[in-house]
Amino acid sequence: MAPSNSTPRSTTPDLPPKILKSTPRTYTTGGTTLKPADYSAIASIPTSAQRHPRISRPVPMMRSSYDVVVIGSGYGGGVSASRTARAGKSVCVLERGQERWPGEYPVSGLEALKQVHISGNRGQSTQKVKDTEIGDPTALYHLVLGEGQNAFVASGLGGTSLLNANIFLETDKRTMAIESAWPEELRIPDSLKEYYNRARAMLQPVPYPEDHPELMKLNLLQKQAEKLGKADKFYRPPQTTFFEDGVNAAGVEMKASTLSGQDCTGVNDGSKNSVLMNYLPDAWNWGAEIFCECEVRYIKKDPSGTGYLVFFAWHGNKRNRAHFQDLFYNELMWVRAKELCFLAAGTLGTTEILLRSKELGLQMSPRVGNGMSGNGDVLAFGYNTDEIANAIGRQNPPEDDLHRPVGPTITGIIDMRGEDEAKDVLDGFVLEEGAVPEVLSQFLQAMLQLTPGKIYPQNNASQSGYARLRKFLAKAETKIMGPYSPGSSINRTQIYLIMSHDSNEATLTLEGDKAYLRFLGVGRGKHVTELNKFLAKATHAVGGVLVNSPFYAFKYVGLGEEEITVHPIGGANMSFDGTGEGGVTNHMGEVFTGESAEVYSGLVCVDGSVIPCALGVNPFATITALAERSLDCLSKKNGFTIDLETSNGKLDLLNGTPRVTWPLTEDMMEAQKSILDAAGESGVRFAEVMDGHLYVGDEIEDFKVAEKHAIGIGSTARFFLSVDTYSTKNLVTRSDHASIATGTFTCSALSKDPFMVLRGEVQFFSQDLNTPDTKNLMYKFDIVGTDGQLLHFNGYKIIDSNMAFSPSKTWKATTTLYVTITRPDKSVVGRGILHISVKNFGDELKGFGANGAPGTLIRLGSIKQFLSFFSLQTAAYFFSPLRALRYPTPATATTTSRLLPKVSPTSVITLTAQDQVQSTLHCWTPLQHNPDLPPILFVPGASVDERIFALPTIETNAIEFFLGKGYRLYVITHRVGKSEAAKKGYTIYDARLDIKAAMEYVRNQASQEKMYCIVHCAGSVAFSMGLLDGTIPASWVKGVTASQVFFNPKFATVNMLKARSPVRLPSVYKRLAGDWFDCVSSTNDALVQRLTDQLLRFYPVGGMDEMCDSTTCHRSDLVFGRLWSHKKLNSHTHDYLSNIIGGVSMKTLENLMYAGTHDAVMDNDGNSLVTESNLARLKGLPVLFIHGSNNAVYTPESTEISLATLRDTFGPQMYVERQIFSGYGHLDCWMGKNAYKDIYPRVLDHIEDVIRPFSNGGASATRD
């Protein structure tokens, strides 16, 4: 739309005949809620179920920095966002309020009450006042209580433009020429002409059409003007209301006004051309990213020296974060403005942000917060006149009332600003008629009657008996029939809004971090008297009673008795002399750094706060023009070009996408997918605070040690997160679906400012892959510092059987987070532990609620589903022994997707021992073999095979480790291992023959006389037997690692109790179920096996932390004792147990039990092999004894006794050593997830020691 050169006063737009000739019903359907298709200029049928557009984004989709940050979304904010986006800048808009579109504005009193926010200072101006904070800070209607005068503003995407009366009037030239107010650059005549035209082109103001239905309040104001002799001062002012269907200048579909009079609470008919309908969609289309419910608190200079950091409190859905009152306004989120930061939070909002920024070190003019004005606003009522005004708005009038439309809130004006009326420019004013929204209709009569200081007409006609009777009956009609009844006192009430000039002496200060608004000398005495006289004369001319502001009635609810303004201006006034002594900002709105002319580059105020004096007219046209000018000047100063020529075309706000989009990072794409996947679903949202201590440094690996040290040095840490589960259904049913975390992380040892958390992941009850039968609550996110530092936060809560039947341990498990901070290169920055306090947990519950899809039942169902999921998962571990047992299935036993690729054996050989029993030998040859290195023979224990050394579920298994060192490797699966031969009931003593056969093969195949042997458990016992009785020549052995036991098997406590039980358990089992006990069972097994599985739920395998739901684990514990510390295995290994462990015959078991209770190995006849002559065979044999400190099969005394025996027999020997590995059990010394770091290197050291030529003969190297 091309800009016009002047503002029309009384013209009718070119409307189609079908509109002009239509019935009044066309205009009086009262603001019916729009259909979804009404927002789509392209698609007549929307493709989504969404009823209203959403051009704002979820805060989790915010980036950490933009070229431009715009604070606020009113006229100045809209202009700034639109113009910088059109200049190709990346733009972020932060709005405290919520996004609401026509069809979403309140109508009923209850709906409106929920949208009222009252803040400020309650009490009468002559008495002590106190801070007040009532309602939701993101609510649409914001009443600010001040001393001397209150202010009413809007909070929402679009700012006060959502609720104003749309009147577009330029400030008169005399006001713009006031030398003590305006900068020299703006005192030049027509300095704003170009920019008024730019604003006019976007906002498209037109007067109320003369061919439209007559409006009674408009006619009444015209009659009053005539009676006052001011007919030439009356006209219909331009307003930004559409009176015909069409597309506005930004490309947004608009609807013809239904003349509902609901402007002041939000017009639902889609006719108000607010900033939400023009500048903001334009900014959105050019790539601006808009975020709501973000209340900016202060601004700091970026530490880099360029740009600004904007700190804000995120209210989030249902204000869940605000329940943490001690943190909400202290631990703030932030976003970086790299080039430009525009303050457009409204007069009061911008001034408060500047004041707080100044307190926190951003130097500026001492005049900030001073020289404010209420724009000379006066709200008054011509009560119970002789004429029907019909000035009460109505959303949906009944059929019989359609011929009486209210019209837009303001449609007429008596303009008294001319020099012919006001010799002194400060005496000029405008008088406009108004309309009261439906929500106040039922209260207006009482408010008017309670208001003191009424001015009654004194003429004879008004004092006549007839006049008095009519007025009495009109009042009675209001009480009986309601305010809409034709002829009732309220229906005959004219509403006035005056804008004039006040003393500009109002101030805004911060007291205890709360804004304190004082209007000193609200009205200049003589001037206000003249205004009251004018109003009284106009009211009495039509037989009414002048009632001043009905908000005086607020004294009865403790809110004082104050005047009210809907146009607060000033606080960051433009300087009249170009320095900080004369104002806060220069002519472009740039903020002064102090009292000089120096400004902060890129820090610009663009709203009503810069206006240095009352305008005497509706200010939004001037605010918009000043903002357009600021952007034009800044573009020239900073060298960027604003594209004002390219048209948007028709915008499809419901289904379409903007023409300009900025690339999404990988984490943004993942978050967006999570949100889109939840379309139509309901989820939950809650805020969580965890605090504790973080030790900065990588030298401490233990979390508890790190926490203890951090406590000592006072290194505290805390996060404050909002967790959004957009779809509870997806969270519960999909393993790839995480909740999104947004908020802050603070640690003074890392940064003085909070780190931002955007698009973090919170996973509930994910399988802990590092620990079997354990689930985690995972917190994983990047944290970005104000100094540009990028770190990664990884935290987890441990949910396992350790909390069984213990409320205190359950609380600790669900409220304790183990935290590691790392750099992008994975190097560790620090470790620590965070906790949830009881108080913070209570605040978390207060803010817990649903989000997503509308509908109470759906949302309640989502909450129920989440709470059920959380409770059941937790209860499963609280009642751990009672959980459903987990049997081996194809999914856990044979799934190859969870197995790591491992090197295959070079060959698999079948060996035959001297007693003709066959065994299997697996052989591996390295790619680069060193012939000087001896071969290594591994001998596993009972009921297992080569896989304990070649495990496919850990990062590096023993075969890979030693193969990588160049050794040829061999693993013998002997007759009591996991083999068919094991079912024949051989003894451990018999198995020595298989080991000998393997050694013979290795000697021949490797062409070396000696080999190094790594022997474990029953394999170690069998190997020691062969050495002691001479079956295995010691001359074949280069050295030995004896794992867990050697020739002095001594059972641990539980195994000892079983072995010494008066009831011979193997015999009992043999009678019930046969000679073979399989460690792998299924639900299809015989009853005795299934009963065994159930009884083993409670088998004493260790502490609560050793409990699990695996039947394989339970059954192997029964026959052998607990074979591992669960924490040393990973989850995949635990799931793979059925592939590793076989069974045992009762004969073999009895043999094991006998040996374990006699502390020495014996032959098949029960003769001890530990004799002086037999021990002599071991002289000079290098042996490394290794033992897990938590071994529950063989006590660590087993290897201690063997070591002592060798020392006692031979004295100190070279490389006869012993080492205990803390926290390890039995098999986990070879199958543990970290065995390649903890165990294997120690064994390798021993191998290298024994193959290295002796440098000092006879020296002892024993280590224990």
# chains A, B, ... in the order shown; residues from 1 in each chain; ligands from 1

$ residues_around --residues "region 321-334 of chain A" --least-positions-apart "6" --cutoff "6 Å" --atoms "only C-alpha atoms" --output "JSON, numbers by chain"
{"A": [310, 311, 312, 313, 687, 744, 843]}

$ select_by_dssp --residues "region 702-768 of chain A" --states "strand (DSSP E or B)" --output "number ranges by chain"
A: 716-725, 739-746, 755-767

$ closest_residue --among "A:Ala749, A:Ala283, A:Ala506, A:Ile959" --to "Asn150 (chain A)" --atoms "only C-alpha atoms"
A:Ala506

$ closest_residue --among "A:Ile1201, A:Ala1022, A:Val439, A:Val1040" --to "Thr265 (chain A)" --atoms "only C-alpha atoms"
A:Val439

$ residues_around --residues "region 1150-1163 of chain A" --least-positions-apart "4" --cutoff "8 Å" --atoms "only C-alpha atoms" --output "PDB file with C-alpha atoms, in the first residue's frame"
ATOM      1  CA  THR A 987      36.293 -83.794  38.211  1.00  0.00           C
ATOM      2  CA  ILE A 988      38.549 -80.798  38.262  1.00  0.00           C
ATOM      3  CA  TYR A 989      41.460 -83.186  38.722  1.00  0.00           C
ATOM      4  CA  VAL A1021      42.901 -75.314  40.287  1.00  0.00           C
ATOM      5  CA  MET A1025      46.982 -80.023  40.275  1.00  0.00           C
ATOM      6  CA  PHE A1047      46.222 -74.790  45.001  1.00  0.00           C
ATOM      7  CA  ASN A1048      44.495 -73.545  48.183  1.00  0.00           C
ATOM      8  CA  PRO A1049      40.819 -73.199  47.274  1.00  0.00           C
ATOM      9  CA  LYS A1050      38.927 -71.648  50.166  1.00  0.00           C
ATOM     10  CA  PHE A1051      35.264 -70.797  49.733  1.00  0.00           C
ATOM     11  CA  MET A1056      31.276 -72.290  52.725  1.00  0.00           C
ATOM     12  CA  ALA A1059      29.345 -76.780  51.350  1.00  0.00           C
ATOM     13  CA  ARG A1060      29.255 -77.486  55.091  1.00  0.00           C
ATOM     14  CA  PRO A1066      23.764 -81.678  45.267  1.00  0.00           C
ATOM     15  CA  MET A1146      26.349 -82.817  40.552  1.00  0.00           C
ATOM     16  CA  ASN A1167      44.693 -87.206  48.826  1.00  0.00           C
ATOM     17  CA  SER A1168      46.171 -83.756  49.243  1.00  0.00           C
ATOM     18  CA  LEU A1169      48.428 -82.689  46.436  1.00  0.00           C
ATOM     19  CA  VAL A1170      50.048 -79.926  48.472  1.00  0.00           C
ATOM     20  CA  TYR A1194      36.749 -67.944  46.708  1.00  0.00           C
ATOM     21  CA  SER A1198      42.844 -68.530  48.809  1.00  0.00           C
TER      22      SER A1198
END

$ residues_around --residues "region 57-71 of chain A" --least-positions-apart "2" --cutoff "9 Å" --atoms "only C-alpha atoms" --output "VMD selection string"
chain A and resid 54 to 55 73 77 to 78 80 to 81 84 to 85 89 to 96 289 to 296 307 to 310 314 316 334 to 345 350 668 671 to 672 740 to 743 756 to 760 784

$ closest_atom_pairs --of "region 1111-1169 of chain A" --to "region 1071-1088 of chain A" --cutoff "12 Å" --atoms "only C-alpha atoms" --output "JSON lines"
{"residue": "A:Thr1111", "atom": "CA", "partner": "A:Ser1081", "partner_atom": "CA", "distance": 7.0}
{"residue": "A:Thr1112", "atom": "CA", "partner": "A:Val1080", "partner_atom": "CA", "distance": 5.2}
{"residue": "A:Cys1113", "atom": "CA", "partner": "A:Cys1079", "partner_atom": "CA", "distance": 7.8}
{"residue": "A:His1114", "atom": "CA", "partner": "A:Cys1079", "partner_atom": "CA", "distance": 8.2}
{"residue": "A:Arg1115", "atom": "CA", "partner": "A:Cys1079", "partner_atom": "CA", "distance": 5.1}
{"residue": "A:Ser1116", "atom": "CA", "partner": "A:Cys1079", "partner_atom": "CA", "distance": 5.4}
{"residue": "A:Asp1117", "atom": "CA", "partner": "A:Cys1079", "partner_atom": "CA", "distance": 9.0}
{"residue": "A:Leu1118", "atom": "CA", "partner": "A:Cys1079", "partner_atom": "CA", "distance": 9.0}
{"residue": "A:Val1119", "atom": "CA", "partner": "A:Phe1077", "partner_atom": "CA", "distance": 8.4}
{"residue": "A:Phe1120", "atom": "CA", "partner": "A:Cys1079", "partner_atom": "CA", "distance": 10.1}
{"residue": "A:Asp1135", "atom": "CA", "partner": "A:Val1080", "partner_atom": "CA", "distance": 11.9}
{"residue": "A:Tyr1136", "atom": "CA", "partner": "A:Val1080", "partner_atom": "CA", "distance": 11.1}
{"residue": "A:Leu1137", "atom": "CA", "partner": "A:Val1080", "partner_atom": "CA", "distance": 8.7}
{"residue": "A:Ser1138", "atom": "CA", "partner": "A:Val1080", "partner_atom": "CA", "distance": 5.8}
{"residue": "A:Asn1139", "atom": "CA", "partner": "A:Val1080", "partner_atom": "CA", "distance": 8.8}
{"residue": "A:Ile1140", "atom": "CA", "partner": "A:Val1080", "partner_atom": "CA", "distance": 9.8}
{"residue": "A:Ile1141", "atom": "CA", "partner": "A:Cys1079", "partner_atom": "CA", "distance": 6.6}
{"residue": "A:Gly1142", "atom": "CA", "partner": "A:Cys1079", "partner_atom": "CA", "distance": 5.8}
{"residue": "A:Gly1143", "atom": "CA", "partner": "A:Asp1078", "partner_atom": "CA", "distance": 4.1}
{"residue": "A:Val1144", "atom": "CA", "partner": "A:Phe1077", "partner_atom": "CA", "distance": 5.4}
{"residue": "A:Ser1145", "atom": "CA", "partner": "A:Trp1076", "partner_atom": "CA", "distance": 4.6}
{"residue": "A:Met1146", "atom": "CA", "partner": "A:Asp1075", "partner_atom": "CA", "distance": 5.3}
{"residue": "A:Lys1147", "atom": "CA", "partner": "A:Asp1075", "partner_atom": "CA", "distance": 7.7}
{"residue": "A:Thr1148", "atom": "CA", "partner": "A:Trp1076", "partner_atom": "CA", "distance": 9.8}
{"residue": "A:Leu1149", "atom": "CA", "partner": "A:Phe1077", "partner_atom": "CA", "distance": 9.5}
{"residue": "A:Glu1150", "atom": "CA", "partner": "A:Asp1075", "partner_atom": "CA", "distance": 11.1}

$ atom_distance --atom1 "CA of Ala958 (chain A)" --atom2 "CA of Pro940 (chain A)"
12.0 Å

$ atom_distance --atom1 "CA of Gly941 (chain A)" --atom2 "CA of Leu969 (chain A)"
17.1 Å

$ atom_distance --atom1 "CA of Gly570 (chain A)" --atom2 "CA of Gly371 (chain A)"
6.2 Å

$ closest_atom_pairs --of "region 419-483 of chain A" --to "region 202-222 of chain A" --cutoff "10 Å" --atoms "only C-alpha atoms" --output "Markdown table"
| residue | atom | partner | partner_atom | distance |
| --- | --- | --- | --- | --- |
| A:Leu431 | CA | A:Leu221 | CA | 9.3 |
| A:Glu432 | CA | A:Leu221 | CA | 8.0 |
| A:Glu433 | CA | A:Leu221 | CA | 6.6 |
| A:Gly434 | CA | A:Lys217 | CA | 7.8 |
| A:Ala435 | CA | A:Lys217 | CA | 8.4 |

$ residues_around --residues "Ile821 (chain A)" --least-positions-apart "4" --cutoff "7 Å" --atoms "only C-alpha atoms" --output "PDB file with N, CA, C and O atoms, in the first residue's frame"
ATOM      1  N   LEU A 791      30.651 -26.138  26.831  1.00  0.00           N
ATOM      2  CA  LEU A 791      30.954 -27.339  27.592  1.00  0.00           C
ATOM      3  C   LEU A 791      29.782 -28.300  27.484  1.00  0.00           C
ATOM      4  O   LEU A 791      28.702 -27.922  27.042  1.00  0.00           O
ATOM      5  N   HIS A 792      30.027 -29.535  27.905  1.00  0.00           N
ATOM      6  CA  HIS A 792      28.951 -30.532  27.889  1.00  0.00           C
ATOM      7  C   HIS A 792      28.690 -31.021  29.309  1.00  0.00           C
ATOM      8  O   HIS A 792      29.625 -31.329  30.058  1.00  0.00           O
ATOM      9  N   PHE A 793      27.419 -31.062  29.649  1.00  0.00           N
ATOM     10  CA  PHE A 793      26.973 -31.528  30.958  1.00  0.00           C
ATOM     11  C   PHE A 793      26.420 -32.937  30.793  1.00  0.00           C
ATOM     12  O   PHE A 793      25.525 -33.171  29.991  1.00  0.00           O
ATOM     13  N   ASN A 794      26.960 -33.855  31.549  1.00  0.00           N
ATOM     14  CA  ASN A 794      26.451 -35.221  31.530  1.00  0.00           C
ATOM     15  C   ASN A 794      26.189 -35.646  32.968  1.00  0.00           C
ATOM     16  O   ASN A 794      27.107 -35.731  33.783  1.00  0.00           O
ATOM     17  N   VAL A 828      37.923 -33.846  30.540  1.00  0.00           N
ATOM     18  CA  VAL A 828      37.086 -33.557  31.702  1.00  0.00           C
ATOM     19  C   VAL A 828      37.425 -32.193  32.291  1.00  0.00           C
ATOM     20  O   VAL A 828      38.596 -31.857  32.502  1.00  0.00           O
ATOM     21  N   VAL A 829      36.382 -31.425  32.566  1.00  0.00           N
ATOM     22  CA  VAL A 829      36.524 -30.125  33.227  1.00  0.00           C
ATOM     23  C   VAL A 829      36.318 -30.271  34.728  1.00  0.00           C
ATOM     24  O   VAL A 829      37.009 -29.649  35.532  1.00  0.00           O
ATOM     25  N   GLY A 830      35.351 -31.079  35.109  1.00  0.00           N
ATOM     26  CA  GLY A 830      35.074 -31.242  36.532  1.00  0.00           C
ATOM     27  C   GLY A 830      34.035 -32.312  36.793  1.00  0.00           C
ATOM     28  O   GLY A 830      33.333 -32.761  35.883  1.00  0.00           O
ATOM     29  N   ARG A 831      33.960 -32.700  38.055  1.00  0.00           N
ATOM     30  CA  ARG A 831      32.972 -33.695  38.486  1.00  0.00           C
ATOM     31  C   ARG A 831      32.365 -33.249  39.801  1.00  0.00           C
ATOM     32  O   ARG A 831      32.976 -32.511  40.574  1.00  0.00           O
TER      33      ARG A 831
END
